[in-house]
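S.K.: I'm passing along final.pdb; it holds PDB, C-alpha atoms.
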```
ATOM      1  CA  MET A 549      -3.326  -8.308 -16.798
ATOM      2  CA  THR A 550      -6.412  -7.077 -14.962
ATOM      3  CA  ASN A 551      -6.102  -4.350 -12.359
ATOM      4  CA  ASN A 552      -6.729  -6.992  -9.685
ATOM      5  CA  GLN A 553      -3.863  -9.196 -10.859
ATOM      6  CA  GLY A 554      -1.680  -6.099 -11.067
ATOM      7  CA  LEU A 555      -2.422  -5.325  -7.417
ATOM      8  CA  ASP A 556      -1.706  -8.952  -6.437
ATOM      9  CA  VAL A 557       1.735  -8.747  -8.024
ATOM     10  CA  VAL A 558       2.570  -5.298  -6.635
ATOM     11  CA  PHE A 559       1.566  -6.161  -3.038
ATOM     12  CA  GLN A 560       3.366  -9.521  -3.337
ATOM     13  CA  THR A 561       6.505  -7.717  -4.506
ATOM     14  CA  LEU A 562       6.312  -5.194  -1.647
ATOM     15  CA  ALA A 563       6.152  -8.020   0.937
ATOM     16  CA  ASP A 564       9.941  -8.207   1.194
ATOM     17  CA  PRO A 565      12.239  -5.828   3.132
ATOM     18  CA  THR A 566      15.093  -5.970   0.595
ATOM     19  CA  ARG A 567      12.795  -5.072  -2.283
ATOM     20  CA  ARG A 568      11.257  -2.228  -0.265
ATOM     21  CA  ALA A 569      14.763  -0.934   0.551
ATOM     22  CA  ILE A 570      15.707  -1.042  -3.149
ATOM     23  CA  LEU A 571      12.569   0.936  -4.063
ATOM     24  CA  ALA A 572      13.280   3.512  -1.334
ATOM     25  CA  ARG A 573      16.831   3.905  -2.663
ATOM     26  CA  LEU A 574      15.607   4.290  -6.273
ATOM     27  CA  ALA A 575      13.043   6.897  -5.208
ATOM     28  CA  ARG A 576      16.097   9.111  -4.624
ATOM     29  CA  GLY A 577      17.357   8.495  -8.178
ATOM     30  CA  PRO A 578      18.650   5.752 -10.529
ATOM     31  CA  ALA A 579      21.419   3.466  -9.283
ATOM     32  CA  THR A 580      23.644   0.715 -10.634
ATOM     33  CA  VAL A 581      23.258  -2.867  -9.468
ATOM     34  CA  THR A 582      26.571  -2.540  -7.594
ATOM     35  CA  ASP A 583      25.311   0.583  -5.776
ATOM     36  CA  LEU A 584      22.151  -1.261  -4.780
ATOM     37  CA  ALA A 585      23.963  -4.399  -3.619
ATOM     38  CA  ALA A 586      26.565  -2.635  -1.444
ATOM     39  CA  PRO A 587      24.391  -1.453   1.513
ATOM     40  CA  SER A 588      22.306  -4.650   1.589
ATOM     41  CA  GLY A 589      25.299  -6.891   2.331
ATOM     42  CA  LEU A 590      23.617  -9.494   0.100
ATOM     43  CA  ALA A 591      25.332 -11.566  -2.590
ATOM     44  CA  LEU A 592      24.971 -10.108  -6.089
ATOM     45  CA  PRO A 593      22.855 -13.042  -7.399
ATOM     46  CA  THR A 594      20.341 -12.494  -4.579
ATOM     47  CA  VAL A 595      20.109  -8.787  -5.387
ATOM     48  CA  LEU A 596      19.689  -9.592  -9.088
ATOM     49  CA  GLN A 597      16.835 -11.958  -8.215
ATOM     50  CA  HIS A 598      15.044  -9.192  -6.286
ATOM     51  CA  LEU A 599      15.642  -6.747  -9.164
ATOM     52  CA  ARG A 600      14.131  -9.245 -11.600
ATOM     53  CA  LYS A 601      10.991  -9.507  -9.413
ATOM     54  CA  LEU A 602      10.745  -5.714  -9.192
ATOM     55  CA  GLU A 603      11.096  -5.437 -12.973
ATOM     56  CA  GLU A 604       8.513  -8.195 -13.625
ATOM     57  CA  ALA A 605       6.079  -6.374 -11.325
ATOM     58  CA  GLY A 606       6.613  -3.239 -13.436
ATOM     59  CA  LEU A 607       7.974  -1.264 -10.475
ATOM     60  CA  ILE A 608      11.437  -0.614 -11.943
ATOM     61  CA  GLU A 609      13.149  -0.621 -15.321
ATOM     62  CA  THR A 610      16.759  -1.455 -15.999
ATOM     63  CA  THR A 611      19.092  -0.480 -18.839
ATOM     64  CA  LYS A 612      22.479  -1.923 -19.649
ATOM     65  CA  GLN A 613      25.368   0.135 -20.992
ATOM     66  CA  GLY A 614      28.525  -1.864 -21.497
ATOM     67  CA  ARG A 615      28.894  -3.946 -18.350
ATOM     68  CA  THR A 616      26.910  -1.600 -16.117
ATOM     69  CA  ARG A 617      23.215  -2.177 -15.468
ATOM     70  CA  THR A 618      21.353   0.876 -14.153
ATOM     71  CA  CYS A 619      17.992   0.601 -12.364
ATOM     72  CA  ALA A 620      15.327   3.291 -12.155
ATOM     73  CA  LEU A 621      11.885   3.536 -10.596
ATOM     74  CA  ARG A 622       8.956   3.439 -13.027
ATOM     75  CA  ALA A 623       6.993   6.614 -12.340
ATOM     76  CA  GLY A 624       3.430   5.947 -11.184
ATOM     77  CA  ALA A 625       3.936   2.203 -10.797
ATOM     78  CA  LEU A 626       2.866   2.303  -7.146
ATOM     79  CA  ALA A 627      -0.137   4.535  -7.879
ATOM     80  CA  PRO A 628      -2.758   1.725  -8.219
ATOM     81  CA  ALA A 629      -1.699   0.185  -4.888
ATOM     82  CA  ARG A 630      -1.720   3.613  -3.235
ATOM     83  CA  SER A 631      -5.194   4.304  -4.685
ATOM     84  CA  TRP A 632      -6.499   1.028  -3.307
ATOM     85  CA  MET A 633      -5.239   1.889   0.198
ATOM     86  CA  GLU A 634      -6.623   5.406  -0.053
ATOM     87  CA  GLU A 635     -10.034   4.022  -1.081
ATOM     88  CA  GLN A 636     -10.068   1.839   2.037
ATOM     89  CA  ARG A 637      -9.295   4.865   4.194
ATOM     90  CA  LEU A 638     -12.104   6.870   2.600
ATOM     91  CA  LEU A 639     -14.610   4.011   2.970
ATOM     92  CA  TRP A 640     -13.626   3.643   6.621
ATOM     93  CA  GLU A 641     -13.743   7.361   7.362
ATOM     94  CA  GLY A 642     -16.972   7.772   5.397
ATOM     95  CA  ARG A 643     -18.483   5.104   7.600
ATOM     96  CA  HIS A 644     -17.336   6.939  10.714
ATOM     97  CA  ASP A 645     -18.565  10.280   9.407
ATOM     98  CA  ARG A 646     -21.999   8.744   8.873
ATOM     99  CA  LEU A 647     -21.854   7.297  12.387
ATOM    100  CA  ASP A 648     -20.853  10.718  13.763
ATOM    101  CA  ASP A 649     -23.744  12.351  11.879
ATOM    102  CA  TYR A 650     -26.121   9.778  13.285
ATOM    103  CA  LEU A 651     -24.862  10.214  16.866
ATOM    104  CA  ALA A 652     -25.005  14.009  16.476
ATOM    105  CA  SER A 653     -28.598  13.746  15.214
ATOM    106  CA  LEU A 654     -29.548  11.880  18.423
ATOM    107  CA  THR A 655     -28.342  14.706  20.682
ATOM    108  CA  ASP A 656     -29.441  17.619  18.446
ATOM    109  CA  THR A 657     -32.421  19.610  19.625
ATOM    110  CA  PRO A 658     -35.316  18.590  17.403
ATOM    111  CA  LYS A 659     -35.852  20.879  14.448
ATOM    112  CA  GLU A 660     -38.906  23.123  14.593
ATOM    113  CA  SER A 661     -41.540  22.209  12.087
ATOM    114  CA  PRO A 662     -41.945  24.869   9.335
ATOM    115  CA  SER A 663     -44.519  27.500  10.296
TER     116      SER A 663
ATOM    117  CA  MET B 657       7.444  -8.281  15.499
ATOM    118  CA  THR B 658       9.541  -5.487  14.005
ATOM    119  CA  ASN B 659       7.896  -2.871  11.824
ATOM    120  CA  ASN B 660       9.578  -4.461   8.808
ATOM    121  CA  GLN B 661       8.110  -7.900   9.526
ATOM    122  CA  GLY B 662       4.752  -6.245  10.120
ATOM    123  CA  LEU B 663       4.911  -4.662   6.660
ATOM    124  CA  ASP B 664       5.933  -8.001   5.102
ATOM    125  CA  VAL B 665       2.858  -9.675   6.571
ATOM    126  CA  VAL B 666       0.467  -6.842   5.690
ATOM    127  CA  PHE B 667       1.605  -6.571   2.051
ATOM    128  CA  GLN B 668       1.595 -10.375   1.750
ATOM    129  CA  THR B 669      -1.972 -10.451   3.069
ATOM    130  CA  LEU B 670      -3.101  -7.733   0.641
ATOM    131  CA  ALA B 671      -1.740  -9.712  -2.333
ATOM    132  CA  ASP B 672      -5.014 -11.593  -2.762
ATOM    133  CA  PRO B 673      -8.216 -10.293  -4.388
ATOM    134  CA  THR B 674     -10.588 -12.149  -2.020
ATOM    135  CA  ARG B 675      -8.855 -10.739   1.052
ATOM    136  CA  ARG B 676      -8.913  -7.223  -0.445
ATOM    137  CA  ALA B 677     -12.637  -7.617  -1.193
ATOM    138  CA  ILE B 678     -13.283  -8.726   2.416
ATOM    139  CA  LEU B 679     -11.400  -5.673   3.746
ATOM    140  CA  ALA B 680     -13.330  -3.350   1.421
ATOM    141  CA  ARG B 681     -16.608  -4.866   2.659
ATOM    142  CA  LEU B 682     -15.566  -4.504   6.323
ATOM    143  CA  ALA B 683     -14.540  -0.886   5.780
ATOM    144  CA  ARG B 684     -18.312  -0.275   5.448
ATOM    145  CA  GLY B 685     -18.978  -1.946   8.810
ATOM    146  CA  PRO B 686     -18.761  -5.304  10.652
ATOM    147  CA  ALA B 687     -20.197  -8.389   8.967
ATOM    148  CA  THR B 688     -20.832 -12.032   9.782
ATOM    149  CA  VAL B 689     -18.866 -14.811   8.094
ATOM    150  CA  THR B 690     -22.014 -15.776   6.160
ATOM    151  CA  ASP B 691     -22.428 -12.174   4.898
ATOM    152  CA  LEU B 692     -18.807 -12.172   3.750
ATOM    153  CA  ALA B 693     -18.996 -15.570   2.057
ATOM    154  CA  ALA B 694     -22.204 -14.897   0.073
ATOM    155  CA  PRO B 695     -20.949 -12.396  -2.581
ATOM    156  CA  SER B 696     -17.626 -14.206  -3.070
ATOM    157  CA  GLY B 697     -19.244 -17.422  -4.281
ATOM    158  CA  LEU B 698     -16.476 -19.272  -2.421
ATOM    159  CA  ALA B 699     -16.915 -22.280  -0.149
ATOM    160  CA  LEU B 700     -17.136 -21.389   3.545
ATOM    161  CA  PRO B 701     -13.848 -23.178   4.486
ATOM    162  CA  THR B 702     -11.988 -21.078   1.879
ATOM    163  CA  VAL B 703     -13.479 -17.856   3.252
ATOM    164  CA  LEU B 704     -12.585 -18.941   6.810
ATOM    165  CA  GLN B 705      -8.996 -19.539   5.692
ATOM    166  CA  HIS B 706      -8.781 -15.998   4.279
ATOM    167  CA  LEU B 707     -10.334 -14.586   7.470
ATOM    168  CA  ARG B 708      -7.730 -16.439   9.553
ATOM    169  CA  LYS B 709      -4.928 -14.860   7.470
ATOM    170  CA  LEU B 710      -6.477 -11.400   7.838
ATOM    171  CA  GLU B 711      -6.774 -11.922  11.613
ATOM    172  CA  GLU B 712      -3.182 -13.215  11.933
ATOM    173  CA  ALA B 713      -1.965 -10.145  10.032
ATOM    174  CA  GLY B 714      -3.802  -7.979  12.574
ATOM    175  CA  LEU B 715      -6.047  -6.452   9.903
ATOM    176  CA  ILE B 716      -9.361  -7.711  11.319
ATOM    177  CA  GLU B 717     -10.741  -9.038  14.588
ATOM    178  CA  THR B 718     -13.527 -11.561  15.015
ATOM    179  CA  THR B 719     -15.908 -12.221  17.882
ATOM    180  CA  LYS B 720     -18.211 -15.185  18.344
ATOM    181  CA  GLN B 721     -21.656 -14.932  19.861
ATOM    182  CA  GLY B 722     -23.508 -18.230  19.961
ATOM    183  CA  ARG B 723     -22.997 -19.743  16.502
ATOM    184  CA  THR B 724     -22.414 -16.429  14.737
ATOM    185  CA  ARG B 725     -18.898 -15.096  14.143
ATOM    186  CA  THR B 726     -18.716 -11.372  13.382
ATOM    187  CA  CYS B 727     -15.697  -9.772  11.693
ATOM    188  CA  ALA B 728     -14.604  -6.153  12.002
ATOM    189  CA  LEU B 729     -11.740  -4.099  10.625
ATOM    190  CA  ARG B 730      -9.016  -3.208  13.123
ATOM    191  CA  ALA B 731      -8.773   0.601  13.002
ATOM    192  CA  GLY B 732      -5.378   1.861  11.898
ATOM    193  CA  ALA B 733      -4.081  -1.584  10.907
ATOM    194  CA  LEU B 734      -3.334  -0.438   7.362
ATOM    195  CA  ALA B 735      -1.680   2.800   8.542
ATOM    196  CA  PRO B 736       1.955   1.524   8.547
ATOM    197  CA  ALA B 737       1.622   0.197   4.984
ATOM    198  CA  ARG B 738      -0.021   3.451   3.884
ATOM    199  CA  SER B 739       2.777   5.454   5.557
ATOM    200  CA  TRP B 740       5.404   3.421   3.737
ATOM    201  CA  MET B 741       3.755   4.129   0.371
ATOM    202  CA  GLU B 742       3.350   7.807   1.209
ATOM    203  CA  GLU B 743       7.063   8.038   2.138
ATOM    204  CA  GLN B 744       7.976   6.623  -1.275
ATOM    205  CA  ARG B 745       5.811   9.215  -2.973
ATOM    206  CA  LEU B 746       7.418  12.051  -0.989
ATOM    207  CA  LEU B 747      10.948  10.767  -1.684
ATOM    208  CA  TRP B 748      10.107  10.550  -5.384
ATOM    209  CA  GLU B 749       8.439  13.957  -5.545
ATOM    210  CA  GLY B 750      11.197  15.506  -3.426
ATOM    211  CA  ARG B 751      13.679  14.230  -5.956
ATOM    212  CA  HIS B 752      11.698  15.748  -8.815
ATOM    213  CA  ASP B 753      11.276  19.067  -6.998
ATOM    214  CA  ARG B 754      15.050  19.228  -6.590
ATOM    215  CA  LEU B 755      15.451  18.428 -10.301
ATOM    216  CA  ASP B 756      12.917  21.139 -11.193
ATOM    217  CA  ASP B 757      14.806  23.647  -9.013
ATOM    218  CA  TYR B 758      18.023  22.690 -10.733
ATOM    219  CA  LEU B 759      16.547  22.991 -14.236
ATOM    220  CA  ALA B 760      14.950  26.333 -13.305
ATOM    221  CA  SER B 761      18.306  27.572 -12.008
ATOM    222  CA  LEU B 762      19.870  26.835 -15.422
ATOM    223  CA  THR B 763      17.387  29.024 -17.292
ATOM    224  CA  ASP B 764      17.132  31.810 -14.674
ATOM    225  CA  THR B 765      18.726  35.109 -15.600
ATOM    226  CA  PRO B 766      21.890  35.379 -13.495
ATOM    227  CA  LYS B 767      21.348  37.362 -10.308
ATOM    228  CA  GLU B 768      22.953  40.803 -10.228
ATOM    229  CA  SER B 769      25.778  41.059  -7.758
ATOM    230  CA  PRO B 770      24.930  43.241  -4.763
ATOM    231  CA  SER B 771      25.906  46.895  -5.343
TER     232      SER B 771
END
```
Let me see the structure of the file written as structure tokens.
M.R.:
Amino acid sequence: MTNNQGLDVVFQTLADPTRRAILARLARGPATVTDLAAPSGLALPTVLQHLRKLEEAGLIETTKQGRTRTCALRAGALAPARSWMEEQRLLWEGRHDRLDDYLASLTDTPKESPS
Amino acid sequence: MTNNQGLDVVFQTLADPTRRAILARLARGPATVTDLAAPSGLALPTVLQHLRKLEEAGLIETTKQGRTRTCALRAGALAPARSWMEEQRLLWEGRHDRLDDYLASLTDTPKESPS
């Protein structure tokens, strides 16, 4: 999976409010499927479907002990998406800094030529 | 449009490499449709379709002068998505800080009782 495809899948997975809520809950610590389903008010199969998507995207991992499945965030899984967004911010701000420099250069008093 | 629906649309729109490449190009400054189409090697109608999605998501704006359509990034349009990701990071790190504090408290020498 190239980095680009990875970003496609991560952004695609984040484009759903239930999945974002599950991630926000798991950022506070691991939780069982039952814990995750309760506040959503969704049927268990629907929650399981979202968990499967999150796991396929590499954002969470799940472990089963007896009849209890516990979900946990995969550390650093959001880092590539965050880096991409940060890059955009830097490009954008860099552009504005250069514009600011240019505008400042227009109003600056001309430099004296070296004597 | 609630904030949640806004995030759905933004993340959905970012889940495509061509659209991300267009945004990265526009972060450097406005560009015409022809400028944007050239490096992608895509047919113009395909590029126009991606531009329409980016505009509908509120990520870019386009203006037409004569036969030339110019595209520009909408400042701050990615900010809500970036905030969401940053919140996740803080939740996650906050959790780990609390865990670190707890682990440190286990190995600390017990405090002397006040005399």
S.K.: Convert the output of the ChimeraX specification (/A :<12) & /B on the shown file into explicit residues, formatted as a VMD selection string.
M.R.: chain B and resid 658 to 686 728 to 755
S.K.: Put the listed atoms of range 607-621 of chain A in a box along x, y and z with 8 Å added on every side and give me the centre and edge lengths in Å to one decimal, as AutoDock Vina command-line options.
M.R.:
```
--center_x 18.4 --center_y -0.2 --center_z -16.0 --size_x 36.9 --size_y 23.5 --size_z 27.0
```
S.K.: So which residues touch Lys612 in chain A within 12 Å, counting all atoms listed in the file, skipping near sequence neighbours fewer than 5 positions away, as a PyMOL selection string?
M.R.: chain A and resi 579-581+617-620
S.K.: With C-alpha atoms retained, write the just-selected residues as a compact mmCIF listing (two decimals), keeping the file's coordinate frame.
M.R.:
```txt
# COMPACT_ATOMS: atom_id res chain seq x y z
CA ALA A 579 21.42 3.47 -9.28
CA THR A 580 23.64 0.72 -10.63
CA VAL A 581 23.26 -2.87 -9.47
CA ARG A 617 23.22 -2.18 -15.47
CA THR A 618 21.35 0.88 -14.15
CA CYS A 619 17.99 0.60 -12.36
CA ALA A 620 15.33 3.29 -12.16
```
S.K.: Which value, in Å to one decimal, gives the distance between CA of Arg615 in chain A and CA of Pro593 in chain A?
M.R.: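 Result for CA of Arg615 in chain A versus CA of Pro593 in chain A: 15.5 Å, one decimal.
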S.K.: Written as a ChimeraX atom specification, what is the full residue list that the PyMOL selection byres ((chain B and resi 707) around 9) yields on the file shown?
M.R.: /B:675,678,689,702-706,708-712,716,718,727
S.K.: Just to confirm, what's the straight-line distance from CA of Thr724 in chain B to CA of Ala694 in chain B in Å (one decimal)?
M.R.: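 Taking CA of Thr724 in chain B as the start and CA of Ala694 in chain B as the end point, the length is 14.7 Å.
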S.K.: Which distance in Å separates CA of Leu584 in chain A and CA of Asp756 in chain B, to one decimal?
M.R.: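 Between CA of Leu584 in chain A and CA of Asp756 in chain B the gap is 25.1 Å.
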S.K.: Got a minute to add all heavy atoms to range 738-749 of chain B and dump it as a short mmCIF file (atom, residue, chain, number, x, y, z; two decimals), keeping the file's coordinate frame?
M.R.:
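Here's the written file rebuild.cif:
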```cif
data_model
loop_
_atom_site.label_atom_id
_atom_site.label_comp_id
_atom_site.auth_asym_id
_atom_site.auth_seq_id
_atom_site.Cartn_x
_atom_site.Cartn_y
_atom_site.Cartn_z
N ARG B 738 0.30 2.21 4.59
CA ARG B 738 -0.02 3.45 3.88
C ARG B 738 1.11 4.47 4.08
O ARG B 738 1.49 5.17 3.14
CB ARG B 738 -1.35 3.99 4.39
CG ARG B 738 -1.94 5.06 3.49
CD ARG B 738 -3.42 5.24 3.71
NE ARG B 738 -3.71 5.29 5.12
CZ ARG B 738 -4.69 4.60 5.72
NH1 ARG B 738 -5.46 3.82 5.02
NH2 ARG B 738 -4.88 4.70 7.01
N SER B 739 1.65 4.53 5.29
CA SER B 739 2.78 5.45 5.56
C SER B 739 3.97 5.11 4.68
O SER B 739 4.63 6.01 4.15
CB SER B 739 3.23 5.35 7.01
OG SER B 739 2.23 5.78 7.86
N TRP B 740 4.25 3.82 4.55
CA TRP B 740 5.40 3.42 3.74
C TRP B 740 5.22 3.91 2.30
O TRP B 740 6.13 4.50 1.70
CB TRP B 740 5.60 1.89 3.76
CG TRP B 740 6.85 1.51 3.01
CD1 TRP B 740 8.12 1.47 3.51
CD2 TRP B 740 6.96 1.19 1.62
NE1 TRP B 740 9.00 1.13 2.52
CE2 TRP B 740 8.33 0.95 1.36
CE3 TRP B 740 6.05 1.07 0.58
CZ2 TRP B 740 8.79 0.61 0.08
CZ3 TRP B 740 6.51 0.74 -0.69
CH2 TRP B 740 7.87 0.51 -0.91
N MET B 741 4.01 3.73 1.75
CA MET B 741 3.76 4.13 0.37
C MET B 741 3.83 5.64 0.21
O MET B 741 4.30 6.15 -0.79
CB MET B 741 2.39 3.62 -0.08
CG MET B 741 2.30 2.12 0.06
SD MET B 741 1.12 1.37 -1.06
CE MET B 741 2.09 1.37 -2.54
N GLU B 742 3.35 6.35 1.24
CA GLU B 742 3.35 7.81 1.21
C GLU B 742 4.80 8.33 1.25
O GLU B 742 5.14 9.28 0.53
CB GLU B 742 2.55 8.32 2.41
CG GLU B 742 2.22 9.79 2.36
CD GLU B 742 1.46 10.23 1.12
OE1 GLU B 742 0.87 9.38 0.44
OE2 GLU B 742 1.50 11.44 0.83
N GLU B 743 5.64 7.67 2.07
CA GLU B 743 7.06 8.04 2.14
C GLU B 743 7.72 7.92 0.76
O GLU B 743 8.52 8.78 0.38
CB GLU B 743 7.80 7.05 3.05
CG GLU B 743 8.15 7.57 4.42
CD GLU B 743 8.69 6.44 5.28
OE1 GLU B 743 9.71 5.82 4.90
OE2 GLU B 743 8.06 6.15 6.31
N GLN B 744 7.39 6.83 0.06
CA GLN B 744 7.98 6.62 -1.27
C GLN B 744 7.58 7.76 -2.20
O GLN B 744 8.38 8.26 -2.97
CB GLN B 744 7.53 5.29 -1.89
CG GLN B 744 7.84 4.09 -1.05
CD GLN B 744 9.25 4.12 -0.52
OE1 GLN B 744 10.22 4.18 -1.27
NE2 GLN B 744 9.40 4.10 0.79
N ARG B 745 6.31 8.15 -2.10
CA ARG B 745 5.81 9.22 -2.97
C ARG B 745 6.56 10.52 -2.67
O ARG B 745 6.97 11.24 -3.58
CB ARG B 745 4.30 9.40 -2.76
CG ARG B 745 3.64 10.28 -3.82
CD ARG B 745 2.15 10.39 -3.59
NE ARG B 745 1.83 11.07 -2.34
CZ ARG B 745 1.88 12.39 -2.16
NH1 ARG B 745 2.22 13.18 -3.16
NH2 ARG B 745 1.58 12.91 -0.99
N LEU B 746 6.75 10.81 -1.38
CA LEU B 746 7.42 12.05 -0.99
C LEU B 746 8.89 12.04 -1.42
O LEU B 746 9.40 13.05 -1.91
CB LEU B 746 7.29 12.28 0.52
CG LEU B 746 5.85 12.55 1.00
CD1 LEU B 746 5.78 12.61 2.51
CD2 LEU B 746 5.30 13.83 0.39
N LEU B 747 9.55 10.89 -1.24
CA LEU B 747 10.95 10.77 -1.68
C LEU B 747 11.04 11.07 -3.17
O LEU B 747 11.87 11.83 -3.63
CB LEU B 747 11.47 9.34 -1.46
CG LEU B 747 11.89 8.92 -0.06
CD1 LEU B 747 12.18 7.43 -0.02
CD2 LEU B 747 13.12 9.70 0.38
N TRP B 748 10.12 10.43 -3.93
CA TRP B 748 10.11 10.55 -5.38
C TRP B 748 9.82 11.99 -5.81
O TRP B 748 10.50 12.56 -6.66
CB TRP B 748 9.07 9.57 -5.94
CG TRP B 748 8.87 9.66 -7.41
CD1 TRP B 748 7.84 10.28 -8.06
CD2 TRP B 748 9.69 9.09 -8.42
NE1 TRP B 748 7.98 10.13 -9.41
CE2 TRP B 748 9.10 9.41 -9.67
CE3 TRP B 748 10.86 8.33 -8.42
CZ2 TRP B 748 9.65 9.00 -10.89
CZ3 TRP B 748 11.41 7.93 -9.62
CH2 TRP B 748 10.81 8.28 -10.84
N GLU B 749 8.80 12.59 -5.18
CA GLU B 749 8.44 13.96 -5.54
C GLU B 749 9.51 14.93 -5.09
O GLU B 749 9.80 15.90 -5.79
CB GLU B 749 7.09 14.32 -4.94
CG GLU B 749 5.97 13.61 -5.66
CD GLU B 749 4.60 13.92 -5.11
OE1 GLU B 749 4.51 14.67 -4.13
OE2 GLU B 749 3.63 13.38 -5.65
#
```
